[in-house]
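The file data_9.cif contains mmCIF, C-alpha atoms:
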data_upload
#
loop_
_atom_site.label_atom_id
_atom_site.label_comp_id
_atom_site.auth_asym_id
_atom_site.auth_seq_id
_atom_site.Cartn_x
_atom_site.Cartn_y
_atom_site.Cartn_z
CA MET A 1 -13.89 -14.63 2.23
CA ARG A 2 -11.21 -17.26 2.67
CA PHE A 3 -9.24 -18.45 -0.34
CA ARG A 4 -7.59 -21.86 -0.45
CA MET A 5 -4.62 -23.02 -2.48
CA PHE A 6 -5.59 -25.36 -5.26
CA ALA A 7 -5.09 -26.18 -8.91
CA ILE A 8 -7.78 -25.88 -11.56
CA ALA A 9 -8.76 -28.66 -13.90
CA LEU A 10 -10.78 -27.77 -16.96
CA VAL A 11 -13.83 -29.66 -18.04
CA ALA A 12 -12.91 -32.22 -20.68
CA GLY A 13 -13.60 -30.83 -24.11
CA SER A 14 -12.80 -27.20 -23.28
CA THR A 15 -11.06 -25.43 -26.14
CA MET A 16 -7.39 -24.59 -25.60
CA VAL A 17 -5.57 -21.82 -27.45
CA ALA A 18 -1.95 -20.89 -27.93
CA GLY A 19 0.05 -20.66 -24.73
CA CYS A 20 -2.06 -23.17 -22.84
CA GLY A 21 -4.73 -20.50 -22.77
CA ILE A 22 -8.32 -21.15 -21.78
CA ASP A 23 -10.89 -20.17 -24.39
CA GLN A 24 -13.94 -20.83 -22.26
CA VAL A 25 -14.37 -22.39 -18.84
CA THR A 26 -17.93 -23.16 -17.87
CA ALA A 27 -17.58 -25.46 -14.87
CA PRO A 28 -14.03 -25.76 -13.54
CA GLN A 29 -13.45 -28.64 -11.16
CA LEU A 30 -11.17 -28.56 -8.12
CA ARG A 31 -8.06 -30.64 -7.74
CA PRO A 32 -6.20 -31.27 -4.50
CA PRO A 33 -3.30 -28.91 -3.77
CA ALA A 34 -0.32 -29.75 -5.95
CA THR A 35 2.82 -31.05 -4.28
CA PRO A 36 5.97 -28.95 -4.69
CA VAL A 37 8.12 -29.62 -7.74
CA ASP A 38 11.87 -29.12 -7.87
CA TYR A 39 13.42 -28.23 -11.21
CA PRO A 40 17.01 -29.09 -12.19
CA ILE A 41 19.24 -26.23 -11.11
CA ALA A 42 21.59 -24.93 -13.80
CA ARG A 43 25.25 -24.80 -12.85
CA ASN A 44 27.89 -22.16 -13.50
CA VAL A 45 25.45 -19.68 -15.00
CA SER A 46 27.17 -16.54 -16.23
CA LEU A 47 25.40 -13.57 -17.84
CA PRO A 48 27.99 -10.89 -18.60
CA GLY A 49 26.33 -7.58 -19.25
CA SER A 50 23.26 -8.18 -17.07
CA PRO A 51 23.17 -5.73 -14.15
CA VAL A 52 20.17 -7.46 -12.62
CA PHE A 53 21.87 -10.87 -12.68
CA ASP A 54 25.00 -9.33 -11.13
CA LYS A 55 22.81 -8.00 -8.33
CA ILE A 56 21.17 -11.40 -7.88
CA ARG A 57 24.50 -13.23 -7.68
CA LYS A 58 25.85 -10.80 -5.09
CA ALA A 59 22.71 -11.14 -2.98
CA GLY A 60 22.57 -14.92 -3.37
CA THR A 61 18.80 -14.74 -3.55
CA LEU A 62 16.08 -13.89 -6.05
CA VAL A 63 13.32 -11.39 -5.36
CA VAL A 64 10.32 -12.29 -7.50
CA GLY A 65 7.22 -10.13 -7.80
CA VAL A 66 3.97 -12.10 -7.80
CA LYS A 67 0.26 -11.86 -7.07
CA ASP A 68 -1.09 -13.29 -3.84
CA ASP A 69 -4.81 -13.48 -4.58
CA GLN A 70 -5.21 -15.46 -7.81
CA PRO A 71 -6.32 -19.06 -7.15
CA GLY A 72 -4.72 -21.49 -9.58
CA LEU A 73 -2.19 -18.89 -10.76
CA SER A 74 -0.61 -17.39 -7.66
CA ILE A 75 -2.13 -17.62 -4.21
CA ARG A 76 -0.64 -17.28 -0.75
CA ASP A 77 -1.79 -19.63 1.97
CA VAL A 78 -2.39 -17.51 5.05
CA ALA A 79 -1.56 -20.26 7.54
CA SER A 80 1.77 -21.38 6.05
CA GLY A 81 2.76 -18.28 4.10
CA ARG A 82 3.55 -20.47 1.10
CA TYR A 83 2.73 -19.54 -2.48
CA ALA A 84 1.32 -21.94 -5.05
CA GLY A 85 -0.02 -21.86 -8.60
CA PHE A 86 0.94 -21.94 -12.25
CA ASP A 87 2.75 -18.59 -12.14
CA ILE A 88 4.68 -19.67 -9.06
CA GLU A 89 5.88 -22.77 -10.93
CA ILE A 90 7.03 -20.57 -13.82
CA ALA A 91 8.89 -18.35 -11.35
CA LYS A 92 10.61 -21.42 -9.87
CA LEU A 93 11.41 -22.81 -13.31
CA VAL A 94 13.07 -19.55 -14.34
CA ALA A 95 14.99 -19.35 -11.07
CA ALA A 96 16.34 -22.89 -11.56
CA GLY A 97 17.40 -22.01 -15.10
CA LEU A 98 19.34 -19.08 -13.70
CA GLY A 99 21.05 -21.30 -11.14
CA PHE A 100 18.88 -20.75 -8.06
CA GLY A 101 16.82 -23.29 -6.15
CA SER A 102 13.33 -22.43 -4.96
CA TYR A 103 14.63 -22.03 -1.40
CA ARG A 104 16.52 -18.95 -2.62
CA ILE A 105 13.40 -17.19 -3.87
CA SER A 106 11.77 -14.40 -1.90
CA TYR A 107 8.25 -13.72 -3.17
CA VAL A 108 6.97 -10.15 -2.98
CA PRO A 109 3.29 -9.45 -3.70
CA VAL A 110 2.91 -6.52 -6.07
CA ASP A 111 -0.46 -5.20 -7.19
CA SER A 112 -1.15 -4.56 -10.88
CA ALA A 113 -0.87 -0.79 -10.72
CA ALA A 114 2.58 -0.97 -9.11
CA ARG A 115 4.27 -3.55 -11.35
CA GLU A 116 6.19 -1.26 -13.69
CA GLN A 117 7.47 0.84 -10.81
CA ALA A 118 8.56 -2.19 -8.79
CA ILE A 119 10.52 -3.55 -11.76
CA SER A 120 12.03 -0.19 -12.76
CA ASN A 121 13.05 0.59 -9.18
CA GLY A 122 14.72 -2.79 -8.78
CA ASP A 123 12.38 -3.77 -5.96
CA VAL A 124 11.92 -7.12 -7.73
CA ASP A 125 14.35 -8.95 -10.01
CA TYR A 126 11.57 -10.18 -12.26
CA TYR A 127 7.79 -10.41 -12.11
CA VAL A 128 5.51 -13.38 -12.80
CA GLY A 129 1.86 -12.61 -12.21
CA ALA A 130 -0.67 -12.72 -15.06
CA TYR A 131 1.29 -9.87 -16.64
CA THR A 132 0.02 -9.20 -20.17
CA ILE A 133 2.65 -8.15 -22.70
CA THR A 134 1.67 -4.82 -24.29
CA ASP A 135 3.53 -2.21 -26.35
CA LYS A 136 2.60 0.45 -23.80
CA ARG A 137 4.17 -1.50 -20.95
CA LYS A 138 7.27 -2.14 -23.06
CA GLN A 139 7.97 1.57 -22.81
CA GLN A 140 8.83 1.02 -19.14
CA VAL A 141 9.77 -2.66 -18.78
CA SER A 142 10.60 -5.63 -20.99
CA PHE A 143 9.12 -9.11 -21.25
CA ALA A 144 10.40 -12.63 -21.70
CA GLY A 145 7.93 -15.08 -23.18
CA PRO A 146 5.03 -15.35 -23.56
CA TYR A 147 4.60 -18.44 -21.43
CA PHE A 148 0.78 -18.50 -21.40
CA THR A 149 -2.15 -16.98 -23.30
CA ALA A 150 -5.37 -16.02 -21.55
CA GLY A 151 -8.43 -14.01 -22.58
CA GLN A 152 -10.66 -11.46 -20.87
CA ASP A 153 -13.88 -12.83 -19.44
CA LEU A 154 -16.66 -12.06 -16.96
CA LEU A 155 -17.50 -13.46 -13.54
CA VAL A 156 -21.08 -12.98 -12.30
CA ARG A 157 -23.27 -14.32 -9.53
CA ALA A 158 -24.48 -17.85 -10.15
CA ASP A 159 -28.15 -16.84 -10.13
CA ASP A 160 -27.70 -13.90 -12.52
CA ASN A 161 -28.93 -14.71 -16.02
CA THR A 162 -29.07 -11.10 -17.23
CA ILE A 163 -25.40 -10.97 -18.21
CA THR A 164 -24.38 -13.50 -20.84
CA GLY A 165 -21.37 -11.70 -22.33
CA LYS A 166 -19.66 -8.37 -22.75
CA ASP A 167 -22.55 -6.90 -24.77
CA GLY A 168 -24.81 -7.29 -21.77
CA LEU A 169 -22.82 -5.00 -19.48
CA HIS A 170 -24.57 -1.73 -20.32
CA GLY A 171 -26.19 -0.41 -17.17
CA LYS A 172 -24.36 -2.99 -15.07
CA ARG A 173 -21.76 -2.38 -12.38
CA VAL A 174 -18.35 -3.76 -13.39
CA CYS A 175 -15.31 -4.20 -11.15
CA SER A 176 -11.64 -4.93 -11.86
CA VAL A 177 -8.20 -3.96 -10.62
CA THR A 178 -6.40 -0.70 -11.19
CA GLY A 179 -3.71 -0.91 -13.86
CA SER A 180 -5.15 -3.96 -15.61
CA THR A 181 -5.74 -4.28 -19.34
CA SER A 182 -9.21 -5.58 -18.48
CA ILE A 183 -10.54 -2.40 -16.91
CA GLN A 184 -8.98 -0.30 -19.65
CA ARG A 185 -10.71 -2.40 -22.30
CA VAL A 186 -14.07 -1.90 -20.57
CA ARG A 187 -13.50 1.84 -20.91
CA ASP A 188 -12.11 1.72 -24.45
CA LEU A 189 -15.06 -0.34 -25.72
CA ALA A 190 -17.60 1.62 -23.61
CA LEU A 191 -19.02 -1.67 -22.35
CA THR A 192 -20.74 0.13 -19.47
CA GLU A 193 -21.14 3.68 -18.29
CA PRO A 194 -18.16 5.29 -16.49
CA ARG A 195 -20.20 5.73 -13.31
CA ASN A 196 -20.67 1.95 -13.13
CA ILE A 197 -16.94 1.14 -13.16
CA SER A 198 -15.13 0.47 -9.90
CA GLU A 199 -11.45 -0.34 -9.37
CA PHE A 200 -9.54 -1.91 -6.51
CA GLN A 201 -6.00 -3.06 -5.89
CA LYS A 202 -6.84 -6.77 -5.68
CA TYR A 203 -9.21 -9.05 -7.55
CA SER A 204 -10.33 -10.54 -4.26
CA GLU A 205 -11.83 -7.17 -3.33
CA CYS A 206 -13.94 -7.22 -6.50
CA VAL A 207 -14.99 -10.81 -5.86
CA ASP A 208 -16.07 -9.94 -2.32
CA ARG A 209 -18.20 -7.11 -3.71
CA LEU A 210 -19.72 -9.42 -6.30
CA VAL A 211 -20.80 -11.96 -3.70
CA ALA A 212 -22.16 -9.15 -1.51
CA GLY A 213 -24.24 -7.77 -4.39
CA GLN A 214 -22.28 -4.51 -4.57
CA THR A 215 -21.19 -5.09 -8.17
CA ASP A 216 -22.72 -7.08 -11.01
CA ALA A 217 -19.63 -8.44 -12.78
CA VAL A 218 -15.92 -8.85 -12.26
CA THR A 219 -13.81 -8.72 -15.38
CA ALA A 220 -10.29 -10.10 -15.70
CA ASP A 221 -8.45 -12.83 -17.57
CA ASN A 222 -10.28 -16.15 -17.61
CA ALA A 223 -7.29 -17.85 -16.00
CA VAL A 224 -7.80 -15.59 -12.99
CA LEU A 225 -11.60 -15.76 -12.83
CA ALA A 226 -11.74 -19.54 -13.25
CA GLY A 227 -10.02 -19.96 -9.91
CA TYR A 228 -12.59 -17.90 -8.06
CA ALA A 229 -15.49 -19.62 -9.80
CA ALA A 230 -14.03 -23.00 -8.85
CA GLN A 231 -13.84 -22.03 -5.19
CA GLU A 232 -17.50 -21.15 -4.90
CA PRO A 233 -19.39 -22.66 -7.86
CA ASP A 234 -22.74 -22.17 -6.11
CA ALA A 235 -22.08 -18.44 -5.78
CA MET A 236 -20.28 -17.45 -9.00
CA LYS A 237 -19.95 -18.46 -12.64
CA LEU A 238 -18.11 -17.47 -15.81
CA VAL A 239 -20.25 -16.29 -18.71
CA GLY A 240 -19.91 -15.52 -22.40
CA LYS A 241 -16.85 -15.91 -24.57
CA THR A 242 -13.42 -14.44 -24.10
CA PHE A 243 -13.03 -11.12 -25.90
CA SER A 244 -9.30 -10.49 -25.92
CA VAL A 245 -5.94 -12.22 -26.24
CA GLU A 246 -3.68 -11.79 -23.21
CA PRO A 247 -0.13 -13.16 -23.65
CA TYR A 248 1.52 -13.46 -20.23
CA GLY A 249 5.20 -12.58 -19.98
CA VAL A 250 7.91 -12.47 -17.34
CA GLY A 251 8.40 -8.79 -16.61
CA LEU A 252 11.93 -7.48 -16.09
CA ALA A 253 14.11 -4.41 -16.45
CA LYS A 254 13.66 -2.71 -19.80
CA ASP A 255 17.30 -2.54 -20.89
CA ASP A 256 18.53 -5.88 -19.54
CA LYS A 257 18.42 -7.80 -22.82
CA VAL A 258 20.99 -10.31 -21.59
CA LEU A 259 18.73 -11.47 -18.77
CA ARG A 260 15.66 -11.38 -21.02
CA ASP A 261 17.35 -13.63 -23.57
CA ALA A 262 18.42 -16.01 -20.81
CA ILE A 263 14.86 -16.30 -19.48
CA ASP A 264 13.56 -16.80 -23.01
CA ASP A 265 16.04 -19.67 -23.32
CA VAL A 266 14.73 -21.23 -20.10
CA LEU A 267 11.11 -20.95 -21.23
CA GLU A 268 11.86 -22.27 -24.71
CA LYS A 269 13.74 -25.26 -23.32
CA ALA A 270 10.82 -26.04 -21.01
CA VAL A 271 8.47 -26.03 -23.99
CA ASN A 272 10.74 -28.27 -26.04
CA ASP A 273 11.48 -30.85 -23.34
CA GLY A 274 7.90 -31.19 -22.09
CA THR A 275 8.33 -29.45 -18.75
CA TRP A 276 6.04 -26.58 -19.70
CA ARG A 277 3.30 -28.96 -20.84
CA ALA A 278 3.51 -30.90 -17.57
CA ILE A 279 3.12 -27.71 -15.54
CA CYS A 280 0.29 -26.50 -17.75
CA ASP A 281 -1.62 -29.79 -17.56
CA ARG A 282 -1.12 -29.93 -13.83
CA TYR A 283 -2.86 -26.64 -13.23
CA PHE A 284 -5.14 -26.10 -16.19
CA GLY A 285 -5.53 -29.34 -18.06
CA VAL A 286 -7.21 -32.69 -17.93
CA ALA A 287 -5.34 -35.73 -19.20
CA GLY A 288 -5.91 -36.07 -22.92
CA VAL A 289 -6.97 -32.47 -23.52
CA PRO A 290 -4.75 -31.02 -26.28
CA VAL A 291 -2.81 -27.85 -25.53
CA SER A 292 -0.69 -25.62 -27.74
CA ALA A 293 2.77 -24.55 -26.63
CA PRO A 294 3.53 -20.82 -26.57
CA ALA A 295 5.84 -19.36 -29.19
CA ILE A 296 8.57 -17.25 -27.58
CA VAL A 297 8.74 -13.76 -29.10
CA ARG A 298 12.30 -12.46 -28.91
CA TYR A 299 13.29 -8.86 -29.46
#
Take the structure from the file and write it as structure tokens.
Amino acid sequence: MRFRMFAIALVAGSTMVAGCGIDQVTAPQLRPPATPVDYPIARNVSLPGSPVFDKIRKAGTLVVGVKDDQPGLSIRDVASGRYAGFDIEIAKLVAAGLGFGSYRISYVPVDSAAREQAISNGDVDYYVGAYTITDKRKQQVSFAGPYFTAGQDLLVRADDNTITGKDGLHGKRVCSVTGSTSIQRVRDLALTEPRNISEFQKYSECVDRLVAGQTDAVTADNAVLAGYAAQEPDAMKLVGKTFSVEPYGVGLAKDDKVLRDAIDDVLEKAVNDGTWRAICDRYFGVAGVPVSAPAIVRY
């Protein structure tokens, strides 16, 4: 299955929740690929006490962990090697706030199950990739933000009317990625039998299995699933209502509070000056649809 770079526009009238989150997407429409945006690059940035920022300055480049298979959020174009999506714009925005242009960013795809290790090992300087802030994850890493709020949802085949929400998953085969809050919630809520749960490293693997009839539903955040549904609306659809709140944060080293505060400042400024809203509308909004700005949670 080939995946194209594009941005998602929601159907007018869709309900938006805090963090530019999507409450329910029933028929996402495609937009043309967004043109690159350059953000003002901060000058003379100094963050005494941040070991990660010291490392970045010495290297002269940023290594950002991302996803490469999430249409609308973070997708890599095979032909050009370029990344595009809402999360990529957030990564570029943060880089500019730290004093680095987008040409100094090296994107590294990191699967969900490997995120904490990649951050803790210093393999990436920070991570932007549909990364839900949880207390459990805070035991290993820290988070700036949130910069977006999503909710768990279900993707099924377009001709399947037997699944209309999470309560219809009993006896159904459900697929998601290893290390995600989505697959853990399926287990915690006993939404289907353990034998019916399958896990893979990438959402695209689950989507391929769905189209092939090897699984009955893919579960993930609606922001992720909406992109796949928009690519092949005749093959897949979103069903039911979201059944969780997923605040996305920028993941970074646990003890680097200086860098975390600096990224929070960048995100907060973007909310206050309208930059965040412009990015959000560009990828997830339709002109005139109200959105709510995320509230930064500092700690």
Seminar exercise, completed: Of A:Tyr107, A:Ile163, A:Pro194, A:Phe243, the one sitting nearest Asp216 in chain A when using all atoms listed in the file is A:Ile163
Problem set entry | All residues 6 Å or closer to range 227-242 of chain A, all atoms listed in the file, same chain fewer than 6 positions away omitted, as a PyMOL selection string | chain A and resi 28+71-72+151-158+164-165
For this session: Please evaluate the PyMOL selection byres ((chain A and resi 120) around 9) against the displayed coordinates and give the resulting residues as a VMD selection string.
Result: chain A and resid 115 to 119 121 to 124 140 to 141 252 to 254
Step by step, work through what the PyMOL selection byres ((chain A and resi 219) around 8) selects in the shown file, and finish by giving those residues as a short mmCIF file (atom, residue, chain, number, x, y, z; two decimals) with C-alpha atoms, in the frame of the given file.
data_model
loop_
_atom_site.label_atom_id
_atom_site.label_comp_id
_atom_site.auth_asym_id
_atom_site.auth_seq_id
_atom_site.Cartn_x
_atom_site.Cartn_y
_atom_site.Cartn_z
CA GLN A 152 -10.66 -11.46 -20.87
CA ASP A 153 -13.88 -12.83 -19.44
CA LEU A 154 -16.66 -12.06 -16.96
CA LEU A 155 -17.50 -13.46 -13.54
CA VAL A 174 -18.35 -3.76 -13.39
CA CYS A 175 -15.31 -4.20 -11.15
CA SER A 176 -11.64 -4.93 -11.86
CA SER A 182 -9.21 -5.58 -18.48
CA ILE A 183 -10.54 -2.40 -16.91
CA ALA A 217 -19.63 -8.44 -12.78
CA VAL A 218 -15.92 -8.85 -12.26
CA ALA A 220 -10.29 -10.10 -15.70
CA ASP A 221 -8.45 -12.83 -17.57
CA LEU A 225 -11.60 -15.76 -12.83
#
Problem set entry | Coordinates-based distance that separates CA of Val250 in chain A from CA of Pro146 in chain A (Å, one decimal) |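 Taking CA of Pro146 in chain A and CA of Val250 in chain A, their separation equals 7.4 Å.
The residues returned by the PyMOL selection byres ((chain A and resi 199) around 10) on the shown structure are Val174, Cys175, Ser176, Val177, Thr178, Gly179, Ser180, Ile183, Ile197, Ser198, Phe200, Gln201, Lys202, Tyr203, Glu205 and Cys206 of chain A.
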Seminar exercise, completed: Computed gap from CA of Thr192 in chain A to CA of Gly168 in chain A is 8.8 Å
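Of note, CA of Val110 in chain A and CA of Gln139 in chain A are spaced 19.3 Å apart.
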Problem set entry | Which of A:Val224, A:Ile56, A:Cys280, A:Ala114 sits closest to Ala130 in chain A [using all atoms listed in the file] | A:Val224
Problem set entry | Among listed residues A:Asn196, A:Gly101, A:Phe143, A:Ile90, nearest Val271 in chain A (using only C-alpha atoms) |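 Comparing A:Asn196, A:Gly101, A:Phe143, A:Ile90 against Val271 in chain A, the winner is A:Ile90.
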Problem set entry | Proximity to Arg298 in chain A - best of A:Asp261, A:Asp77, A:Asp281, A:Asp159, all atoms listed in the file |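 Looking only at the distances to Arg298 in chain A, the closest residue turns out to be A:Asp261.
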For this session: Counting all atoms listed in the file, figure out which residue out of A:Lys92, A:Arg43, A:Arg82, A:Arg173 gets nearest to Val63 in chain A.
Result: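 For Val63 in chain A, the nearest of the given residues is A:Lys92.
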Tell me, as a tab-separated table (two decimals) with C-alpha atoms, in the frame of the given file, which residues lie within 9 Å of Ala262 in chain A, counting all atoms listed in the file; anything in the same chain fewer than 5 positions away does not count.
chain	number	residue	atom	x	y	z
A	47	LEU	CA	25.40	-13.57	-17.84
A	97	GLY	CA	17.40	-22.01	-15.10
A	98	LEU	CA	19.34	-19.08	-13.70
A	144	ALA	CA	10.40	-12.63	-21.70
A	257	LYS	CA	18.42	-7.80	-22.82
A	267	LEU	CA	11.11	-20.95	-21.23
